[in-house]
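Below is one structure; the comments refer to it alone.
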There are 2 protein chains.
Amino acid sequence: MWMKARVRVPGPQEWYGSDILKAVVLLSGGIDSSTTMAIAGSMGYECYALTIRYGQIHDREVMSARNIAVSLKVKEHRVIELPEGMFTGSALLGDGEIPLDRDVGSTEGIPDTYVPARNLIFLSIASGWAEVLDADAVFIGATAMDYSGYPDCRPEFLRSFQSTLDLATRKGVQGGSIKVLAPLLDLKKSMIIQKGIDLGLDLSLTWSCYQGGEKACGRCDSCLFRLRGFKELGLKDPVKYEKV
Amino acid sequence: MWMKARVRVPGPQEWYGSDILKAVVLLSGGIDSSTTMAIAGSMGYECYALTIRYGQIHDREVMSARNIAVSLKVKEHRVIELPEGMFTGSALLGDGEIPLDRDVGSTEGIPDTYVPARNLIFLSIASGWAEVLDADAVFIGATAMDYSGYPDCRPEFLRSFQSTLDLATRKGVQGGSIKVLAPLLDLKKSMIIQKGIDLGLDLSLTWSCYQGGEKACGRCDSCLFRLRGFKELGLKDPVKYEKV
């Protein structure tokens, strides 16, 4: 149930008695994580945004994350940096091993942009902070639709992570749970964009492009998915592109 | 089976055909993780040591980890630092919230030195590196005996983490597995010390004390467990203490 995306989500008050519910939200600055944060806010959560840098090519995403965090009035925004070179072997990291413009889907159906164990690491760090904050939930903007090749975006991974987390934390041992929530999991990009718009998210602040230019490249996988999403809705993407 | 500690461990060649087996070993510089590394080496693994700093009070442990890594001839030793303040709420972090000399066992049986989701975060990061290296295993010196209050040292946590990891990684999707190995899990401290000695580990290089002095304090939980272990074996700890 916790993985289903819905227009109306059951109020978190049904799960906990506390007046103020807190959530750590993984925020990259893209459409998915920004919409996820807007959803968390709309569910009544006091949001703590967590941006994890892992040797991306550019700072553009972090700037977007900062702007989104401010616009959505989060309680706190932390940006933490994982050491460069930890995750070599992915096209996202600018180590020159795999060209960024290679087609989606490498051998075995896992995209080249896959970062080893990324969501596992991100969710673990977010959960650690959630436990410190005595937060009720961790939100991640994972989606199984557009990027079905990422193993750590699959519902079975998230379900398993929830079980592991319940065994790892003080809250879990005491009979509670830090809920791992992925409200976008079953949504395609156009539906996510629509959801963001419905919640008043300023999509011009988001950034999806893998490249670090002034304008989005319009050619990388992430730009292509985003552009297709806007096109399906008959809308114009407010972000500027080099060429569309 | 993978969690049982044995004097003779079945050769990893039984699991994989590769000539050189690689393992990422979480190395703090204490007796447990150092012995774990010695075990990994004795099993034929080429070891990649990973030390994760998380706002400890002192650098003493990192120095010990470095010395152990050199003495055990690891292929590579990486020290990564997690941001300070990420894990406030534990007595290990010097944030002054909880005194270090408080008795073992707080409310609900979880020690004050518990760091939120620590093993989950450490194992996740180690697994990410393991996937980059195409390593076969991740070793952790978790032990359920002396510190039974830590939720993330329990066999059920490690078992669950293994399942989650298999769902998160490219290797797992392709039918393989990065094995999570905790060879000390059922051993008490004296048995770990004996195991280290048997494997030729230089225990004078290890450091267990929670404090950052020239000599070990001899009073913190970690010193007390260590001293008791040596005492049970009728041996003298080669590390110097302020008072014993």
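Ligands are numbered from 1 in the order shown, chains are lettered A, B, ... in the order of the structure tokens, and residues start at 1 in each chain.
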Counting only C-alpha atoms, chain B residues within 9 Å of chain A, as a ChimeraX atom specification: /B:80-83,86-90,108,110,114-125,127-133,150-154,156-161,163-170,172-174
Writing out the chosen residues with N, CA and C atoms as a compact mmCIF listing (two decimals), in the first residue's frame:
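Final output, again_0.txt:
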# COMPACT_ATOMS: atom_id res chain seq x y z
N ILE B 80 36.66 7.44 4.24
CA ILE B 80 35.69 8.45 3.84
C ILE B 80 35.02 9.03 5.06
N GLU B 81 34.62 10.26 4.91
CA GLU B 81 34.12 11.01 6.05
C GLU B 81 32.66 11.37 5.82
N LEU B 82 31.81 11.00 6.75
CA LEU B 82 30.42 11.44 6.66
C LEU B 82 30.30 12.76 7.41
N PRO B 83 29.41 13.61 6.97
CA PRO B 83 29.32 14.94 7.56
C PRO B 83 29.01 14.88 9.05
N MET B 86 25.40 14.66 11.30
CA MET B 86 24.43 13.77 10.65
C MET B 86 23.84 12.82 11.66
N PHE B 87 24.66 12.47 12.64
CA PHE B 87 24.25 11.41 13.56
C PHE B 87 24.24 11.87 15.01
N THR B 88 23.84 13.08 15.25
CA THR B 88 23.77 13.52 16.63
C THR B 88 22.75 12.68 17.38
N GLY B 89 22.99 12.56 18.65
CA GLY B 89 22.08 11.74 19.46
C GLY B 89 22.77 10.50 19.99
N SER B 90 24.05 10.32 19.66
CA SER B 90 24.79 9.18 20.20
C SER B 90 25.96 9.67 21.04
N GLU B 108 15.16 0.59 27.01
CA GLU B 108 14.81 -0.35 25.93
C GLU B 108 16.00 -1.23 25.55
N ILE B 110 18.93 -0.62 24.38
CA ILE B 110 19.85 -0.21 23.32
C ILE B 110 20.90 0.71 23.93
N TYR B 114 24.86 3.62 20.58
CA TYR B 114 24.21 3.26 19.31
C TYR B 114 24.18 4.47 18.37
N VAL B 115 24.64 4.29 17.16
CA VAL B 115 24.61 5.35 16.15
C VAL B 115 23.51 5.01 15.16
N PRO B 116 22.56 5.93 14.97
CA PRO B 116 21.39 5.61 14.15
C PRO B 116 21.74 5.00 12.80
N ALA B 117 21.22 3.82 12.58
CA ALA B 117 21.33 3.13 11.28
C ALA B 117 22.77 2.97 10.80
N ARG B 118 23.73 2.95 11.73
CA ARG B 118 25.13 2.95 11.33
C ARG B 118 25.51 1.77 10.42
N ASN B 119 25.24 0.57 10.87
CA ASN B 119 25.66 -0.57 10.05
C ASN B 119 24.94 -0.61 8.71
N LEU B 120 23.72 -0.13 8.71
CA LEU B 120 22.97 -0.04 7.45
C LEU B 120 23.69 0.91 6.48
N ILE B 121 24.08 2.06 6.98
CA ILE B 121 24.78 3.04 6.15
C ILE B 121 26.16 2.50 5.74
N PHE B 122 26.89 1.96 6.70
CA PHE B 122 28.24 1.45 6.41
C PHE B 122 28.19 0.32 5.38
N LEU B 123 27.29 -0.61 5.59
CA LEU B 123 27.19 -1.74 4.65
C LEU B 123 26.75 -1.28 3.27
N SER B 124 25.88 -0.28 3.23
CA SER B 124 25.42 0.21 1.94
C SER B 124 26.56 0.84 1.16
N ILE B 125 27.34 1.67 1.84
CA ILE B 125 28.46 2.33 1.17
C ILE B 125 29.50 1.28 0.76
N SER B 127 28.96 -1.76 0.05
CA SER B 127 28.40 -2.54 -1.06
C SER B 127 28.48 -1.77 -2.37
N GLY B 128 28.30 -0.45 -2.28
CA GLY B 128 28.44 0.37 -3.48
C GLY B 128 29.85 0.26 -4.04
N TRP B 129 30.83 0.35 -3.15
CA TRP B 129 32.21 0.21 -3.60
C TRP B 129 32.46 -1.20 -4.13
N ALA B 130 31.89 -2.19 -3.45
CA ALA B 130 32.06 -3.58 -3.88
C ALA B 130 31.52 -3.77 -5.29
N GLU B 131 30.43 -3.10 -5.57
CA GLU B 131 29.88 -3.27 -6.92
C GLU B 131 30.79 -2.61 -7.96
N VAL B 132 31.35 -1.46 -7.61
CA VAL B 132 32.29 -0.80 -8.51
C VAL B 132 33.49 -1.71 -8.79
N LEU B 133 33.97 -2.36 -7.75
CA LEU B 133 35.15 -3.22 -7.86
C LEU B 133 34.83 -4.58 -8.47
N TYR B 150 22.65 -3.55 20.17
CA TYR B 150 22.60 -2.84 18.89
C TYR B 150 21.67 -3.57 17.92
N PRO B 151 20.61 -2.92 17.48
CA PRO B 151 19.70 -3.63 16.58
C PRO B 151 20.37 -4.05 15.28
N ASP B 152 21.33 -3.24 14.80
CA ASP B 152 21.90 -3.54 13.49
C ASP B 152 23.14 -4.43 13.57
N CYS B 153 23.29 -5.15 14.67
CA CYS B 153 24.30 -6.20 14.76
C CYS B 153 23.65 -7.57 14.79
N ARG B 154 22.34 -7.60 14.73
CA ARG B 154 21.65 -8.88 14.86
C ARG B 154 21.66 -9.66 13.54
N GLU B 156 19.39 -11.28 12.13
CA GLU B 156 18.21 -11.04 11.29
C GLU B 156 18.37 -9.75 10.48
N PHE B 157 19.06 -8.77 11.05
CA PHE B 157 19.33 -7.56 10.26
C PHE B 157 20.25 -7.88 9.09
N LEU B 158 21.32 -8.62 9.37
CA LEU B 158 22.29 -8.92 8.31
C LEU B 158 21.67 -9.78 7.21
N ARG B 159 20.83 -10.70 7.60
CA ARG B 159 20.14 -11.55 6.64
C ARG B 159 19.23 -10.70 5.74
N SER B 160 18.52 -9.79 6.37
CA SER B 160 17.61 -8.93 5.62
C SER B 160 18.41 -8.00 4.70
N PHE B 161 19.54 -7.50 5.21
CA PHE B 161 20.36 -6.63 4.37
C PHE B 161 20.84 -7.37 3.12
N SER B 163 19.34 -9.74 1.51
CA SER B 163 18.22 -9.80 0.55
C SER B 163 18.03 -8.48 -0.17
N THR B 164 18.08 -7.40 0.61
CA THR B 164 17.89 -6.07 0.04
C THR B 164 19.00 -5.76 -0.95
N LEU B 165 20.22 -6.10 -0.58
CA LEU B 165 21.37 -5.84 -1.44
C LEU B 165 21.24 -6.60 -2.77
N ASP B 166 20.80 -7.84 -2.69
CA ASP B 166 20.65 -8.63 -3.92
C ASP B 166 19.63 -8.00 -4.86
N LEU B 167 18.67 -7.29 -4.27
CA LEU B 167 17.66 -6.62 -5.09
C LEU B 167 18.15 -5.27 -5.61
N ALA B 168 19.19 -4.74 -4.98
CA ALA B 168 19.63 -3.38 -5.30
C ALA B 168 20.73 -3.32 -6.34
N THR B 169 21.43 -4.42 -6.52
CA THR B 169 22.65 -4.34 -7.33
C THR B 169 22.50 -5.01 -8.69
N ARG B 170 23.36 -4.58 -9.58
CA ARG B 170 23.44 -5.15 -10.93
C ARG B 170 23.77 -6.64 -10.83
N GLY B 172 23.16 -8.66 -8.40
CA GLY B 172 22.00 -9.40 -7.91
C GLY B 172 20.98 -9.66 -9.00
N VAL B 173 20.74 -8.62 -9.81
CA VAL B 173 19.78 -8.75 -10.90
C VAL B 173 20.24 -9.80 -11.90
N GLN B 174 21.55 -9.89 -12.05
CA GLN B 174 22.11 -10.84 -13.02
C GLN B 174 22.27 -12.24 -12.43
Please, what distance in Å, to one decimal, runs between atom CA of B:Leu227 and atom CA of B:Lys73? 27.2 Å
Pick out each residue of stretch 128-187 of chain A that DSSP on the backbone tags as helix (DSSP H, G or I); I need them as a ChimeraX atom specification. /A:128-133,151-153,155-168,170-173
How would the residues just picked look written out with N, CA and C atoms as an mmCIF file, in the first residue's frame?
data_model
loop_
_atom_site.group_PDB
_atom_site.id
_atom_site.type_symbol
_atom_site.label_atom_id
_atom_site.label_comp_id
_atom_site.auth_asym_id
_atom_site.auth_seq_id
_atom_site.Cartn_x
_atom_site.Cartn_y
_atom_site.Cartn_z
ATOM 1 N N GLY A 128 19.102 7.243 8.515
ATOM 2 C CA GLY A 128 19.909 7.601 9.691
ATOM 3 C C GLY A 128 19.520 8.977 10.205
ATOM 4 N N TRP A 129 19.371 9.912 9.291
ATOM 5 C CA TRP A 129 18.963 11.265 9.704
ATOM 6 C C TRP A 129 17.534 11.227 10.268
ATOM 7 N N ALA A 130 16.687 10.431 9.626
ATOM 8 C CA ALA A 130 15.297 10.312 10.101
ATOM 9 C C ALA A 130 15.265 9.795 11.534
ATOM 10 N N GLU A 131 16.153 8.872 11.833
ATOM 11 C CA GLU A 131 16.144 8.348 13.199
ATOM 12 C C GLU A 131 16.610 9.413 14.194
ATOM 13 N N VAL A 132 17.609 10.181 13.783
ATOM 14 C CA VAL A 132 18.079 11.282 14.641
ATOM 15 C C VAL A 132 16.948 12.268 14.914
ATOM 16 N N LEU A 133 16.182 12.559 13.880
ATOM 17 C CA LEU A 133 15.093 13.550 13.989
ATOM 18 C C LEU A 133 13.840 12.967 14.640
ATOM 19 N N PRO A 151 17.850 -1.468 -10.917
ATOM 20 C CA PRO A 151 17.359 -2.472 -9.970
ATOM 21 C C PRO A 151 16.831 -1.850 -8.672
ATOM 22 N N ASP A 152 17.447 -0.743 -8.254
ATOM 23 C CA ASP A 152 17.064 -0.192 -6.950
ATOM 24 C C ASP A 152 15.922 0.826 -7.044
ATOM 25 N N CYS A 153 15.169 0.777 -8.130
ATOM 26 C CA CYS A 153 13.928 1.547 -8.225
ATOM 27 C C CYS A 153 12.716 0.622 -8.189
ATOM 28 N N PRO A 155 9.802 -1.935 -6.902
ATOM 29 C CA PRO A 155 9.013 -2.075 -5.670
ATOM 30 C C PRO A 155 9.584 -3.143 -4.744
ATOM 31 N N GLU A 156 10.074 -4.229 -5.288
ATOM 32 C CA GLU A 156 10.572 -5.302 -4.419
ATOM 33 C C GLU A 156 11.822 -4.855 -3.655
ATOM 34 N N PHE A 157 12.607 -3.988 -4.283
ATOM 35 C CA PHE A 157 13.755 -3.443 -3.541
ATOM 36 C C PHE A 157 13.272 -2.568 -2.391
ATOM 37 N N LEU A 158 12.323 -1.688 -2.682
ATOM 38 C CA LEU A 158 11.858 -0.765 -1.638
ATOM 39 C C LEU A 158 11.178 -1.513 -0.493
ATOM 40 N N ARG A 159 10.439 -2.553 -0.839
ATOM 41 C CA ARG A 159 9.778 -3.361 0.188
ATOM 42 C C ARG A 159 10.824 -4.039 1.075
ATOM 43 N N SER A 160 11.841 -4.559 0.441
ATOM 44 C CA SER A 160 12.897 -5.236 1.187
ATOM 45 C C SER A 160 13.666 -4.245 2.057
ATOM 46 N N PHE A 161 13.898 -3.044 1.507
ATOM 47 C CA PHE A 161 14.598 -2.033 2.293
ATOM 48 C C PHE A 161 13.803 -1.682 3.548
ATOM 49 N N GLN A 162 12.482 -1.594 3.393
ATOM 50 C CA GLN A 162 11.638 -1.288 4.559
ATOM 51 C C GLN A 162 11.825 -2.342 5.660
ATOM 52 N N SER A 163 11.847 -3.592 5.280
ATOM 53 C CA SER A 163 12.041 -4.673 6.265
ATOM 54 C C SER A 163 13.399 -4.550 6.942
ATOM 55 N N THR A 164 14.419 -4.311 6.127
ATOM 56 C CA THR A 164 15.772 -4.192 6.672
ATOM 57 C C THR A 164 15.865 -3.000 7.619
ATOM 58 N N LEU A 165 15.258 -1.906 7.211
ATOM 59 C CA LEU A 165 15.304 -0.697 8.044
ATOM 60 C C LEU A 165 14.621 -0.940 9.388
ATOM 61 N N ASP A 166 13.505 -1.622 9.363
ATOM 62 C CA ASP A 166 12.796 -1.896 10.613
ATOM 63 C C ASP A 166 13.653 -2.731 11.566
ATOM 64 N N LEU A 167 14.531 -3.543 10.992
ATOM 65 C CA LEU A 167 15.424 -4.357 11.823
ATOM 66 C C LEU A 167 16.651 -3.578 12.277
ATOM 67 N N ALA A 168 16.939 -2.466 11.600
ATOM 68 C CA ALA A 168 18.192 -1.738 11.851
ATOM 69 C C ALA A 168 18.036 -0.616 12.866
ATOM 70 N N ARG A 170 16.354 1.788 16.072
ATOM 71 C CA ARG A 170 15.806 1.805 17.423
ATOM 72 C C ARG A 170 14.275 1.795 17.371
ATOM 73 N N LYS A 171 13.746 2.632 16.486
ATOM 74 C CA LYS A 171 12.294 2.731 16.344
ATOM 75 C C LYS A 171 11.688 1.379 15.953
ATOM 76 N N GLY A 172 12.361 0.696 15.034
ATOM 77 C CA GLY A 172 11.874 -0.606 14.587
ATOM 78 C C GLY A 172 11.860 -1.621 15.717
ATOM 79 N N VAL A 173 12.956 -1.624 16.489
ATOM 80 C CA VAL A 173 13.065 -2.565 17.608
ATOM 81 C C VAL A 173 11.971 -2.297 18.634
#
Fewer than 4 positions away in the same chain doesn't count, so skip those; otherwise give me all residues within 8 Å of stretch 35-48 of chain A, counting only C-alpha atoms, as an MDAnalysis selection string. chainID A and resid 9 11:12 20:25 27 31 72 74:78 139:141 182:184 192:193 195:196 199 201
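DSSP secondary structure from the backbone places Tyr45, Glu46, Cys47, Tyr48, Ala49, Leu50, Thr51, Ile52, Arg53, Glu76, His77, Arg78, Val79, Ile80, Glu81, Ala137, Val138, Phe139, Lys179, Val180, Leu181 and Ala216 of chain B of stretch 31-238 of chain B in strand (DSSP E or B).
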Between B:Ser34, B:Thr143, B:Ser64, B:Ser222, which residue has the minimum interatomic distance to B:Asp186, considering only C-alpha atoms? B:Thr143
Excluding A:Asp237 and residues on its chain fewer than 6 positions from it, collect all residues at most 10 Å away from it, counting only C-alpha atoms, and give them as an mmCIF file with C-alpha atoms, in the first residue's frame.
data_model
loop_
_atom_site.group_PDB
_atom_site.id
_atom_site.type_symbol
_atom_site.label_atom_id
_atom_site.label_comp_id
_atom_site.auth_asym_id
_atom_site.auth_seq_id
_atom_site.Cartn_x
_atom_site.Cartn_y
_atom_site.Cartn_z
ATOM 1 C CA ILE A 193 4.558 16.633 -13.985
ATOM 2 C CA LEU A 203 8.686 23.487 -12.294
ATOM 3 C CA SER A 204 10.913 26.214 -13.691
ATOM 4 C CA ARG A 226 11.192 15.176 -19.315
ATOM 5 C CA LEU A 227 10.419 16.674 -22.707
ATOM 6 C CA ARG A 228 8.268 13.714 -23.625
ATOM 7 C CA GLY A 229 6.338 14.123 -20.386
ATOM 8 C CA PHE A 230 5.549 17.780 -21.087
ATOM 9 C CA LYS A 231 4.683 16.953 -24.698
#
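You will find atom CA of A:Gly213 at 9.9 Å from atom CA of A:Asp59.
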B:Val239: which residues within 8 Å, counting only C-alpha atoms, same-chain residues fewer than 6 positions away excluded, as number ranges by chain? B: 203-207, 215-216
Quick one: pull the distance between atom CA of B:Ser71 and atom CA of B:Asp202, Å, one decimal. 8.0 Å
